[in-house]
file coords01.cif (mmCIF, C-alpha atoms and all ligand atoms)
data_structure
loop_
_atom_site.label_atom_id
_atom_site.label_comp_id
_atom_site.auth_asym_id
_atom_site.auth_seq_id
_atom_site.Cartn_x
_atom_site.Cartn_y
_atom_site.Cartn_z
CA VAL A 42 31.13 16.01 -29.94
CA THR A 43 33.19 16.16 -26.80
CA SER A 44 36.91 16.80 -26.55
CA ASN A 45 37.02 14.90 -23.28
CA PRO A 46 37.48 11.17 -23.86
CA ILE A 47 36.34 10.32 -20.36
CA GLU A 48 33.05 12.21 -20.75
CA GLN A 49 32.56 10.37 -24.00
CA LEU A 50 32.48 7.16 -21.98
CA GLU A 51 29.85 8.35 -19.56
CA TRP A 52 26.72 9.62 -21.29
CA TRP A 53 25.50 6.28 -22.70
CA GLN A 54 26.08 4.13 -19.60
CA HIS A 55 23.07 2.91 -17.63
CA ASP A 56 22.20 -0.04 -15.35
CA ARG A 57 22.13 -2.55 -18.17
CA LEU A 58 25.08 -1.27 -20.23
CA THR A 59 28.07 -0.28 -18.15
CA TYR A 60 31.67 -1.02 -17.19
CA ARG A 61 32.11 -3.23 -14.14
CA GLY A 62 35.54 -4.29 -12.96
CA GLY A 63 37.10 -3.05 -16.17
CA SER A 64 34.76 -4.95 -18.51
CA LEU A 65 31.80 -3.75 -20.49
CA HIS A 66 28.61 -5.47 -19.35
CA LEU A 67 25.34 -5.69 -21.25
CA GLY A 68 22.32 -6.87 -19.28
CA ASN A 69 24.63 -8.07 -16.48
CA ARG A 70 26.65 -10.23 -18.86
CA ASP A 71 30.38 -9.62 -19.23
CA LEU A 72 31.10 -8.88 -22.89
CA THR A 73 34.74 -9.90 -22.41
CA TRP A 74 33.47 -13.45 -22.31
CA ILE A 75 31.75 -13.09 -25.67
CA ALA A 76 34.72 -11.21 -27.11
CA ARG A 77 37.01 -14.11 -26.20
CA LEU A 78 34.67 -16.69 -27.67
CA GLN A 79 34.13 -14.66 -30.77
CA ARG A 80 37.57 -13.50 -31.82
CA HIS A 81 37.13 -14.99 -35.30
CA VAL A 82 33.89 -13.25 -36.38
CA PRO A 83 31.99 -10.22 -35.08
CA ALA A 84 29.09 -10.83 -32.70
CA PHE A 85 25.89 -8.90 -32.17
CA VAL A 86 24.70 -9.16 -28.58
CA TYR A 87 21.14 -8.26 -27.63
CA ASP A 88 19.64 -7.60 -24.21
CA ILE A 89 16.03 -8.77 -24.44
CA GLN A 90 15.05 -7.33 -21.08
CA GLN A 91 16.10 -3.90 -22.28
CA ILE A 92 13.78 -4.19 -25.29
CA SER A 93 10.87 -5.11 -23.02
CA ASN A 94 11.76 -2.20 -20.71
CA ASN A 95 11.89 0.12 -23.70
CA PHE A 96 8.39 -0.93 -24.75
CA ALA A 97 7.08 -0.18 -21.26
CA ARG A 98 8.00 3.52 -21.50
CA PRO A 99 5.90 4.57 -24.51
CA LYS A 100 3.11 2.27 -23.35
CA ALA A 101 2.95 4.05 -19.98
CA ALA A 102 3.00 7.48 -21.62
CA VAL A 103 0.27 6.50 -24.09
CA ARG A 104 -1.90 5.06 -21.31
CA ALA A 105 -1.41 8.18 -19.19
CA ALA A 106 -2.54 10.31 -22.13
CA GLY A 107 -5.81 8.36 -22.25
CA ILE A 108 -5.11 6.59 -25.53
CA GLU A 109 -5.92 2.96 -26.22
CA GLY A 110 -2.74 1.79 -27.95
CA ARG A 111 -1.70 -1.29 -29.90
CA TYR A 112 1.96 -2.10 -30.37
CA TYR A 113 3.80 -3.84 -33.17
CA PHE A 114 7.56 -4.33 -33.20
CA ALA A 115 9.07 -3.34 -36.57
CA ILE A 116 10.80 -6.62 -37.25
CA LYS A 117 12.79 -5.12 -40.10
CA SER A 118 14.89 -3.52 -37.36
CA ASN A 119 15.83 -6.83 -35.71
CA ARG A 120 14.51 -10.26 -36.59
CA HIS A 121 16.47 -12.47 -34.23
CA PRO A 122 14.10 -15.42 -33.63
CA VAL A 123 14.72 -15.60 -29.88
CA LEU A 124 13.98 -11.93 -29.50
CA LEU A 125 10.82 -12.15 -31.63
CA GLY A 126 9.71 -15.32 -29.85
CA HIS A 127 10.09 -13.54 -26.53
CA LEU A 128 8.06 -10.50 -27.64
CA ALA A 129 5.33 -12.80 -28.96
CA ALA A 130 5.24 -15.18 -25.98
CA GLN A 131 5.24 -12.36 -23.42
CA SER A 132 2.65 -10.39 -25.42
CA VAL A 133 4.98 -7.39 -25.38
CA ALA A 134 3.97 -6.47 -28.93
CA GLY A 135 2.69 -7.78 -32.23
CA ALA A 136 4.78 -7.73 -35.40
CA ASP A 137 4.98 -4.94 -37.96
CA VAL A 138 6.05 -6.62 -41.20
CA CYS A 139 6.88 -5.10 -44.58
CA SER A 140 6.95 -8.18 -46.80
CA PRO A 141 5.13 -11.51 -47.07
CA GLN A 142 8.41 -13.19 -46.12
CA GLU A 143 8.48 -11.23 -42.88
CA ALA A 144 4.81 -12.10 -42.28
CA LEU A 145 5.46 -15.84 -42.59
CA TYR A 146 8.60 -15.52 -40.49
CA ALA A 147 6.67 -13.68 -37.76
CA LEU A 148 4.22 -16.58 -37.67
CA GLN A 149 7.13 -19.01 -37.37
CA CYS A 150 8.44 -17.02 -34.40
CA GLY A 151 5.14 -17.35 -32.56
CA PHE A 152 3.15 -14.22 -33.39
CA ARG A 153 -0.56 -14.84 -33.89
CA GLU A 154 -1.88 -13.93 -37.31
CA ALA A 155 -4.15 -11.32 -35.77
CA ASP A 156 -1.13 -9.69 -34.12
CA ILE A 157 0.62 -9.00 -37.42
CA SER A 158 0.29 -5.75 -39.29
CA TYR A 159 1.59 -5.74 -42.87
CA THR A 160 2.53 -2.54 -44.67
CA GLY A 161 4.27 -3.41 -47.91
CA THR A 162 5.88 -1.53 -50.76
CA ALA A 163 6.04 -2.45 -54.46
CA VAL A 164 3.50 -5.18 -53.76
CA THR A 165 3.25 -7.84 -56.48
CA ASP A 166 0.49 -10.36 -57.26
CA ALA A 167 2.59 -13.07 -55.59
CA ASP A 168 2.80 -10.91 -52.45
CA LEU A 169 -0.99 -10.47 -52.51
CA GLU A 170 -1.56 -14.21 -52.73
CA VAL A 171 0.24 -14.63 -49.38
CA THR A 172 -1.87 -11.81 -47.95
CA ALA A 173 -5.01 -13.61 -49.12
CA ARG A 174 -3.94 -16.75 -47.24
CA LEU A 175 -3.71 -14.73 -44.03
CA PRO A 176 -7.20 -13.25 -43.62
CA ASP A 177 -6.68 -12.23 -39.97
CA MET A 178 -3.49 -10.30 -40.65
CA TRP A 179 -4.03 -6.56 -40.92
CA VAL A 180 -2.98 -5.03 -44.25
CA ASN A 181 -2.26 -1.41 -45.04
CA CYS A 182 -2.44 -0.72 -48.78
CA ASP A 183 0.25 1.57 -50.15
CA SER A 184 -0.97 2.14 -53.72
CA LEU A 185 -4.10 2.32 -55.87
CA SER A 186 -2.92 -0.80 -57.65
CA GLN A 187 -2.71 -2.76 -54.40
CA ILE A 188 -6.24 -1.67 -53.45
CA ARG A 189 -7.63 -2.76 -56.81
CA ARG A 190 -5.90 -6.14 -56.83
CA LEU A 191 -6.49 -6.92 -53.15
CA GLY A 192 -10.19 -6.09 -53.62
CA ALA A 193 -10.40 -8.56 -56.49
CA LEU A 194 -8.69 -11.23 -54.40
CA CYS A 195 -10.33 -10.62 -51.01
CA PRO A 196 -13.67 -8.85 -51.47
CA GLY A 197 -15.15 -7.62 -48.21
CA ARG A 198 -11.81 -7.48 -46.38
CA GLU A 199 -11.21 -4.66 -43.90
CA VAL A 200 -7.99 -2.84 -44.73
CA GLY A 201 -5.98 0.24 -43.92
CA ILE A 202 -4.55 2.75 -46.35
CA ARG A 203 -1.02 4.02 -45.93
CA VAL A 204 -1.08 7.74 -46.57
CA ASN A 205 1.64 10.26 -47.17
CA PRO A 206 0.94 13.66 -45.61
CA SER A 207 3.79 15.30 -47.60
CA THR A 208 5.64 16.07 -44.44
CA GLY A 209 8.30 14.29 -42.44
CA LEU A 210 9.89 14.24 -39.03
CA GLY A 211 13.38 13.51 -37.76
CA THR A 212 16.65 13.10 -39.60
CA ILE A 213 15.35 10.86 -42.41
CA HIS A 214 12.03 11.95 -43.90
CA TYR A 215 9.45 9.73 -45.62
CA GLY A 216 7.48 12.65 -46.96
CA GLY A 217 8.34 16.17 -48.03
CA GLU A 218 8.31 18.46 -51.01
CA LYS A 219 9.66 15.81 -53.35
CA SER A 220 7.27 12.87 -53.67
CA THR A 221 8.56 9.69 -52.07
CA LYS A 222 7.57 6.16 -52.99
CA PHE A 223 5.54 5.65 -49.83
CA GLY A 224 1.80 5.89 -49.28
CA ILE A 225 -1.08 7.59 -51.03
CA TYR A 226 -0.99 11.37 -51.21
CA ARG A 227 -3.86 13.81 -50.78
CA SER A 228 -4.09 14.19 -54.56
CA GLU A 229 -4.99 10.50 -54.99
CA PHE A 230 -6.71 9.83 -51.68
CA ARG A 231 -10.32 10.32 -52.73
CA ALA A 232 -9.72 8.13 -55.75
CA ALA A 233 -8.26 5.52 -53.40
CA LEU A 234 -11.36 5.56 -51.20
CA GLU A 235 -13.63 5.29 -54.23
CA LEU A 236 -11.52 2.46 -55.66
CA ALA A 237 -11.70 0.62 -52.34
CA ARG A 238 -15.48 0.98 -52.36
CA THR A 239 -15.91 -0.27 -55.91
CA SER A 240 -13.38 -3.07 -55.30
CA GLY A 241 -15.33 -4.28 -52.28
CA LEU A 242 -12.78 -3.39 -49.59
CA LYS A 243 -13.80 -1.68 -46.37
CA VAL A 244 -11.34 1.02 -45.35
CA ALA A 245 -11.19 0.74 -41.56
CA GLY A 246 -7.70 2.03 -40.90
CA LEU A 247 -5.11 4.61 -41.83
CA HIS A 248 -1.35 4.36 -41.56
CA TRP A 249 1.51 6.80 -41.85
CA HIS A 250 5.19 6.71 -41.02
CA LEU A 251 6.82 10.09 -40.98
CA GLY A 252 10.53 9.53 -40.64
CA TRP A 253 13.40 8.32 -38.53
CA GLY A 254 15.12 9.62 -35.43
CA PHE A 255 12.87 12.33 -34.09
CA ASP A 256 13.33 13.62 -30.61
CA PHE A 257 10.97 16.63 -30.17
CA SER A 258 13.64 19.27 -29.96
CA ASP A 259 11.08 20.98 -32.21
CA ALA A 260 7.81 20.17 -30.46
CA SER A 261 5.76 22.04 -33.07
CA ALA A 262 6.96 19.70 -35.85
CA LEU A 263 4.83 16.79 -34.60
CA ASP A 264 1.88 19.11 -34.12
CA LYS A 265 2.20 20.35 -37.70
CA ALA A 266 2.66 16.85 -39.11
CA LEU A 267 -0.37 15.47 -37.26
CA THR A 268 -2.47 18.39 -38.49
CA GLU A 269 -1.62 17.30 -42.04
CA CYS A 270 -2.39 13.68 -41.16
CA ARG A 271 -5.79 14.57 -39.76
CA TRP A 272 -6.90 15.76 -43.17
CA PHE A 273 -6.92 12.08 -44.14
CA VAL A 274 -8.55 10.94 -40.91
CA ASP A 275 -11.40 13.38 -41.49
CA GLN A 276 -12.20 11.81 -44.88
CA VAL A 277 -13.00 8.35 -43.48
CA GLN A 278 -15.95 7.24 -41.35
CA ASP A 279 -15.67 4.62 -38.60
CA LEU A 280 -11.95 4.11 -38.41
CA ALA A 281 -11.04 1.13 -36.23
CA ARG A 282 -7.33 1.89 -36.17
CA ILE A 283 -4.93 4.70 -36.87
CA ASN A 284 -1.35 3.54 -37.18
CA ILE A 285 1.23 6.26 -36.71
CA GLY A 286 4.24 4.11 -37.62
CA GLY A 287 7.61 4.36 -35.90
CA GLY A 288 10.28 7.00 -36.05
CA LEU A 289 11.08 7.87 -32.46
CA GLY A 290 14.81 8.17 -31.94
CA VAL A 291 17.28 7.49 -29.18
CA PRO A 292 20.24 9.73 -28.35
CA LEU A 293 23.28 8.50 -30.25
CA ARG A 294 25.66 11.26 -29.14
CA SER A 295 26.25 13.10 -25.91
CA ASP A 296 24.54 16.24 -27.24
CA GLU A 297 21.35 14.46 -28.36
CA ARG A 298 18.40 13.98 -26.06
CA ALA A 299 15.83 11.29 -25.56
CA PRO A 300 12.34 12.05 -26.81
CA ASP A 301 9.96 13.39 -24.20
CA LEU A 302 7.47 10.53 -24.42
CA GLU A 303 4.90 12.23 -22.20
CA ALA A 304 4.81 15.29 -24.46
CA TRP A 305 4.74 13.04 -27.52
CA ALA A 306 1.78 11.01 -26.21
CA LYS A 307 -0.14 14.11 -25.16
CA THR A 308 0.26 15.63 -28.62
CA ILE A 309 -1.00 12.43 -30.22
CA ALA A 310 -3.94 12.29 -27.81
CA ARG A 311 -4.87 15.90 -28.57
CA HIS A 312 -5.00 15.18 -32.30
CA LEU A 313 -6.33 11.63 -32.48
CA ARG A 314 -8.11 10.52 -29.33
CA GLY A 315 -11.44 11.99 -30.39
CA TYR A 316 -11.84 9.64 -33.36
CA GLY A 317 -12.47 6.58 -31.19
CA ALA A 318 -9.97 4.44 -33.13
CA LYS A 319 -7.23 2.34 -31.59
CA ILE A 320 -3.91 4.08 -32.07
CA CYS A 321 -1.23 1.72 -33.32
CA PHE A 322 2.51 2.17 -32.93
CA GLU A 323 5.25 0.26 -34.69
CA PRO A 324 8.58 1.22 -33.17
CA GLY A 325 11.92 -0.31 -34.11
CA THR A 326 14.66 2.16 -33.22
CA LEU A 327 13.17 3.39 -29.94
CA VAL A 328 12.90 -0.07 -28.45
CA ALA A 329 15.75 -2.01 -30.06
CA MET A 330 18.60 0.30 -30.95
CA ASP A 331 20.13 0.68 -27.48
CA SER A 332 19.50 -2.99 -26.68
CA GLY A 333 22.33 -4.35 -28.77
CA VAL A 334 26.04 -3.97 -29.42
CA LEU A 335 28.37 -5.29 -32.08
CA VAL A 336 31.55 -6.81 -30.63
CA MET A 337 34.50 -6.78 -33.02
CA THR A 338 38.16 -7.74 -32.77
CA VAL A 339 40.85 -5.17 -33.45
CA ALA A 340 42.98 -6.21 -36.44
CA PHE A 341 45.58 -3.51 -35.76
CA ASP A 342 45.99 0.09 -34.65
CA GLU A 343 48.26 2.08 -36.94
CA VAL A 344 49.05 5.62 -38.00
CA LYS A 345 48.81 6.29 -41.72
CA ASN A 346 50.12 9.56 -43.04
CA GLY A 347 49.63 11.20 -39.64
CA ARG A 348 46.13 9.81 -39.02
CA ARG A 349 45.37 7.03 -36.53
CA PHE A 350 43.33 4.11 -37.84
CA VAL A 351 41.92 1.28 -35.76
CA TYR A 352 41.03 -1.59 -38.10
CA VAL A 353 38.41 -4.11 -36.98
CA ASN A 354 37.21 -7.52 -38.22
CA GLY A 355 33.77 -6.27 -39.33
CA GLY A 356 32.66 -3.85 -42.01
CA PHE A 357 29.86 -1.54 -43.07
CA ASN A 358 28.09 -4.57 -44.50
CA LEU A 359 27.30 -5.70 -40.92
CA ASN A 360 25.86 -2.40 -39.81
CA PRO A 361 25.17 -0.03 -42.68
CA CYS A 362 23.92 2.85 -40.48
CA PRO A 363 27.23 4.79 -40.44
CA ALA A 364 28.02 4.36 -44.14
CA PHE A 365 24.52 4.60 -45.62
CA TYR A 366 22.94 7.19 -43.35
CA ASP A 367 25.91 8.89 -41.71
CA ILE A 368 24.57 7.70 -38.35
CA ARG A 369 27.77 7.56 -36.32
CA LEU A 370 27.62 5.11 -33.43
CA PRO A 371 29.91 5.17 -30.37
CA ILE A 372 32.74 2.63 -30.37
CA VAL A 373 34.33 1.70 -27.04
CA PRO A 374 36.86 -0.84 -25.74
CA VAL A 375 35.30 -3.99 -24.29
CA THR A 376 38.03 -4.29 -21.69
CA LEU A 377 39.07 -1.07 -20.03
CA ASP A 378 41.59 -0.88 -17.27
CA PRO A 379 40.16 1.61 -14.70
CA ALA A 380 43.54 3.41 -14.66
CA ILE A 381 43.26 4.02 -18.42
CA ALA A 382 39.58 4.89 -18.11
CA SER A 383 40.48 7.82 -15.88
CA ASP A 384 43.64 8.99 -17.66
CA ALA A 385 42.51 11.24 -20.50
CA GLY A 386 46.14 11.72 -21.54
CA VAL A 387 46.49 8.30 -23.14
CA TRP A 388 43.40 8.56 -25.34
CA THR A 389 43.74 9.87 -28.87
CA GLN A 390 41.32 10.26 -31.72
CA ALA A 391 41.10 7.53 -34.33
CA ALA A 392 39.17 6.55 -37.40
CA VAL A 393 37.69 3.08 -36.99
CA ALA A 394 37.85 1.24 -40.30
CA GLY A 395 36.30 -2.05 -41.36
CA ASN A 396 37.46 -4.98 -43.45
CA ILE A 397 35.59 -4.21 -46.69
CA ASN A 398 37.35 -2.88 -49.77
CA GLU A 399 35.25 0.26 -50.08
CA ALA A 400 36.17 3.81 -49.16
CA ILE A 401 32.89 4.26 -47.26
CA ASP A 402 33.84 1.46 -44.89
CA VAL A 403 34.73 3.72 -41.97
CA PHE A 404 32.54 3.33 -38.88
CA ALA A 405 33.82 6.43 -37.10
CA GLU A 406 36.01 9.34 -38.15
CA ASP A 407 37.33 10.72 -34.90
CA VAL A 408 36.42 8.58 -31.94
CA TRP A 409 38.56 8.79 -28.77
CA LEU A 410 40.21 5.48 -27.97
CA PRO A 411 43.04 4.34 -25.70
CA PRO A 412 45.94 2.48 -27.34
CA LEU A 413 44.59 -0.81 -28.73
CA HIS A 414 46.41 -3.98 -29.59
CA GLU A 415 45.92 -6.68 -32.18
CA GLY A 416 43.29 -9.04 -30.80
CA ASP A 417 41.66 -6.55 -28.39
CA ALA A 418 37.89 -6.22 -28.61
CA VAL A 419 35.78 -3.13 -29.21
CA ALA A 420 32.02 -2.75 -29.07
CA MET A 421 29.98 -0.56 -31.37
CA LEU A 422 26.98 0.57 -29.34
CA PHE A 423 23.36 1.02 -30.49
CA CYS A 424 23.50 -1.94 -32.85
CA GLY A 425 20.24 -3.54 -31.70
CA ALA A 426 18.33 -2.11 -34.68
CA TYR A 427 19.14 -2.04 -38.39
CA GLY A 428 22.44 -3.89 -37.92
CA ALA A 429 22.20 -7.65 -38.44
CA SER A 430 18.82 -7.27 -40.15
CA MET A 431 20.43 -5.18 -42.91
CA ALA A 432 23.70 -7.09 -43.14
CA SER A 433 25.05 -8.29 -46.49
CA ASN A 434 27.80 -10.60 -47.64
CA HIS A 435 29.82 -7.92 -49.42
CA CYS A 436 33.39 -9.10 -50.06
CA MET A 437 32.27 -12.40 -48.54
CA ARG A 438 32.72 -10.78 -45.15
CA GLY A 439 29.13 -11.39 -44.11
CA GLN A 440 29.76 -13.87 -41.31
CA PHE A 441 28.67 -12.85 -37.81
CA SER A 442 27.14 -14.39 -34.71
CA GLU A 443 24.21 -13.21 -32.64
CA TYR A 444 23.80 -13.75 -28.90
CA CYS A 445 20.47 -13.12 -27.24
CA LEU A 446 20.74 -12.47 -23.52
CA VAL A 447 17.49 -13.48 -21.86
C1 LIG B 1 6.26 1.59 -42.06
C2 LIG B 1 7.30 1.59 -40.99
N1 LIG B 1 6.92 1.38 -39.71
C3 LIG B 1 7.83 1.34 -38.70
C4 LIG B 1 9.17 1.52 -38.95
C5 LIG B 1 10.12 1.50 -37.79
O1 LIG B 1 10.68 2.76 -37.67
P1 LIG B 1 11.68 3.16 -36.53
O2 LIG B 1 12.77 2.19 -36.49
O3 LIG B 1 12.13 4.53 -36.90
O4 LIG B 1 10.91 3.19 -35.24
C6 LIG B 1 9.60 1.75 -40.26
C7 LIG B 1 11.02 1.97 -40.56
O5 LIG B 1 11.48 2.11 -41.64
C8 LIG B 1 8.64 1.79 -41.31
O6 LIG B 1 9.02 2.01 -42.57
#

call {"tool": "encode", "arguments": {"input": "coords01.cif", "output": "structure tokens"}}
result
Amino acid sequence: VTSNPIEQLEWWQHDRLTYRGGSLHLGNRDLTWIARLQRHVPAFVYDIQQISNNFARPKAAVRAAGIEGRYYFAIKSNRHPVLLGHLAAQSVAGADVCSPQEALYALQCGFREADISYTGTAVTDADLEVTARLPDMWVNCDSLSQIRRLGALCPGREVGIRVNPSTGLGTIHYGGEKSTKFGIYRSEFRAALELARTSGLKVAGLHWHLGWGFDFSDASALDKALTECRWFVDQVQDLARINIGGGLGVPLRSDERAPDLEAWAKTIARHLRGYGAKICFEPGTLVAMDSGVLVMTVAFDEVKNGRRFVYVNGGFNLNPCPAFYDIRLPIVPVTLDPAIASDAGVWTQAAVAGNINEAIDVFAEDVWLPPLHEGDAVAMLFCGAYGASMASNHCMRGQFSEYCLV
């Protein structure tokens, strides 16, 4: 993105994530300390205050646009119990859950049943039984089958329907020309409403989630998507809530920009305020992604066939974003001598490779790094969402620690 290694170090730094005295600090804590403690296994480090701060920004924009909002943290993005306990205890947000297991876990972390919103996929009878035991939890039904079976189990329950407006936003779309597995499409929507009626459910909410990583570089895209969504809204009387999912992105490279939250909220207000429903938001990425880093130890730094590789003690199984979605995250040294930080001449481009025996296990292809030594620490930034929560034990390399800075 930039051919200047020093510039590459600048764009992501802010008050709570910055170099001080040659060490990377997150939320005022020196990551060198964690790197020393954690040389044996990688460590995710989360800054809880940053997550709370990140929630404050969309909330302010939504309030200023005259919308009554409700907020649910998408716990699939990060389910560290200290973090969730903090969000619940401070009433920062409720919990957006996508499985009965997540629902029960959210309760264990301190969320009230009424502050949980459940939007599942491939819902089985066993899943529905848990739903039935939680009558105050909000449920968005994602299929005709779920509506029919939930109606039989919980007649009279108020529910939402997850819809798919056949359009998406951002870099990963949940709707488009090809049908996806999510939500109920226009073609089945009237049947869904009729089925809900005959099954004894009251449809009092709608839900949609359009994609991942949108930033409003194309402002008309949200406008167009919400126009499609309103078709569904117009079919239902007396909606208590309209849940517009998550999907807002954060800049992950120097040439990306943060979403204009004021413009975003105004567009939502223009389309949805008039219906008198509460507007619900369930962000993950926007609030959590820049609140965490993954600290890893350098195994060695070596040139292979003319190409520099920095090998680290973690792999794509700990943060699948680069390998699965080609979402390339910045990787920086944890300790950085100020003389090296200002001497572009000693930095060269490297591929950063993990410790999994798979060709896709390369975190970065051409990141600028100073010379690194065996045992040095590097931090992969923007690992506060969809890192630890998606980790696997591939090659039995699944061990990691998590530190929550409160
Ligand atoms: C239904 C639903 N809501 C919310 C989210 C959170 O999305 P994001 O992390 O893009 O904000 C997701 C992510 O997959 C989702 O599927």

call {"tool": "closest_residue", "arguments": {"input": "coords01.cif", "among": "A:Leu289, A:Ala382, A:Leu67, A:Ile213", "to": "ligand LIG 1 (chain B)", "atoms": "all atoms listed in the file"}}
result
A:Leu289

call {"tool": "closest_residue", "arguments": {"input": "coords01.cif", "among": "A:Arg238, A:Arg198, A:His312, A:Arg231", "to": "A:Arg271", "atoms": "all atoms listed in the file"}}
result
A:His312

call {"tool": "closest_residue", "arguments": {"input": "coords01.cif", "among": "A:Gly62, A:Gly246, A:Gly252, A:Pro83", "to": "ligand LIG 1 (chain B)", "atoms": "all atoms listed in the file"}}
result
A:Gly252

call {"tool": "closest_atom_pairs", "arguments": {"input": "coords01.cif", "of": "chain A", "to": "ligand LIG 1 (chain B)", "cutoff": "7 Å", "atoms": "all atoms listed in the file", "output": "CSV"}}
result
residue,atom,partner,partner_atom,distance
A:Ala115,CA,B:LIG1,C5,5.1
A:Ser118,CA,B:LIG1,O2,6.2
A:Asp137,CA,B:LIG1,N1,6.8
A:Thr160,CA,B:LIG1,C1,6.1
A:His250,CA,B:LIG1,C1,5.3
A:Gly252,CA,B:LIG1,O3,6.4
A:Trp253,CA,B:LIG1,O3,4.3
A:Gly254,CA,B:LIG1,O3,6.1
A:Gly286,CA,B:LIG1,N1,4.4
A:Gly287,CA,B:LIG1,O4,3.6
A:Gly288,CA,B:LIG1,O3,3.2
A:Leu289,CA,B:LIG1,O4,5.4
A:Gly290,CA,B:LIG1,O3,6.7
A:Glu323,CA,B:LIG1,C3,4.9
A:Pro324,CA,B:LIG1,O4,3.7
A:Gly325,CA,B:LIG1,O2,3.6
A:Thr326,CA,B:LIG1,O2,3.8
A:Leu327,CA,B:LIG1,O4,5.8

call {"tool": "residues_around", "arguments": {"input": "coords01.cif", "residues": "A:Val164", "least_positions_apart": "6", "cutoff": "10 Å", "atoms": "all atoms listed in the file", "output": "PyMOL selection string"}}
result
chain A and resi 139-141+182-184+186-187+190

call {"tool": "closest_residue", "arguments": {"input": "coords01.cif", "among": "A:Leu422, A:Asp259, A:Asp275, A:Val447", "to": "A:Arg298", "atoms": "all atoms listed in the file"}}
result
A:Asp259

call {"tool": "residues_around", "arguments": {"input": "coords01.cif", "residues": "A:Arg98", "least_positions_apart": "2", "cutoff": "10 Å", "atoms": "only C-alpha atoms", "output": "ChimeraX atom specification"}}
result
/A:93-96,100-103,302-303,327-328

call {"tool": "closest_residue", "arguments": {"input": "coords01.cif", "among": "A:Tyr87, A:Arg369, A:Arg282, A:Ala306", "to": "A:Met330", "atoms": "only C-alpha atoms"}}
result
A:Tyr87

call {"tool": "closest_residue", "arguments": {"input": "coords01.cif", "among": "A:Leu370, A:Ile47, A:Met421, A:Ile92", "to": "A:Val387", "atoms": "all atoms listed in the file"}}
result
A:Ile47

call {"tool": "residues_around", "arguments": {"input": "coords01.cif", "residues": "A:Asp156", "least_positions_apart": "3", "cutoff": "8 Å", "atoms": "all atoms listed in the file", "output": "ChimeraX atom specification"}}
result
/A:113,134-136,152-153,178

call {"tool": "atom_distance", "arguments": {"input": "coords01.cif", "atom1": "atom CA of A:Arg348", "atom2": "atom CA of A:Asp417"}}
result
20.0 Å

call {"tool": "atom_distance", "arguments": {"input": "coords01.cif", "atom1": "atom CA of A:Trp74", "atom2": "atom CA of A:Ala329"}}
result
22.5 Å

call {"tool": "atom_distance", "arguments": {"input": "coords01.cif", "atom1": "atom CA of A:Ala130", "atom2": "atom CA of A:Arg314"}}
result
29.2 Å

call {"tool": "residues_around", "arguments": {"input": "coords01.cif", "residues": "A:Ala245", "least_positions_apart": "6", "cutoff": "10 Å", "atoms": "all atoms listed in the file", "output": "short mmCIF file (atom, residue, chain, number, x, y, z; two decimals) with C-alpha atoms, keeping the file's coordinate frame"}}
result
data_model
loop_
_atom_site.label_atom_id
_atom_site.label_comp_id
_atom_site.auth_asym_id
_atom_site.auth_seq_id
_atom_site.Cartn_x
_atom_site.Cartn_y
_atom_site.Cartn_z
CA ASN A 181 -2.26 -1.41 -45.04
CA ARG A 198 -11.81 -7.48 -46.38
CA GLU A 199 -11.21 -4.66 -43.90
CA VAL A 200 -7.99 -2.84 -44.73
CA GLY A 201 -5.98 0.24 -43.92
CA ILE A 202 -4.55 2.75 -46.35
CA VAL A 277 -13.00 8.35 -43.48
CA GLN A 278 -15.95 7.24 -41.35
CA ASP A 279 -15.67 4.62 -38.60
CA LEU A 280 -11.95 4.11 -38.41
CA ALA A 281 -11.04 1.13 -36.23
CA ARG A 282 -7.33 1.89 -36.17
CA ILE A 283 -4.93 4.70 -36.87
CA ALA A 318 -9.97 4.44 -33.13
#

call {"tool": "residues_around", "arguments": {"input": "coords01.cif", "residues": "A:Glu297", "least_positions_apart": "2", "cutoff": "12 Å", "atoms": "all atoms listed in the file", "output": "PyMOL selection string"}}
result
chain A and resi 42+52-53+254-258+290-295+299-300

call {"tool": "residues_near_point", "arguments": {"input": "coords01.cif", "point": "(30.1, -7.6, -50.3)", "cutoff": "10 Å", "atoms": "only C-alpha atoms", "output": "list in words"}}
result
Gly356, Phe357, Asn358, Leu359, Ile397, Asn398, Glu399, Ala432, Ser433, Asn434, His435, Cys436, Met437, Arg438 and Gly439 of chain A
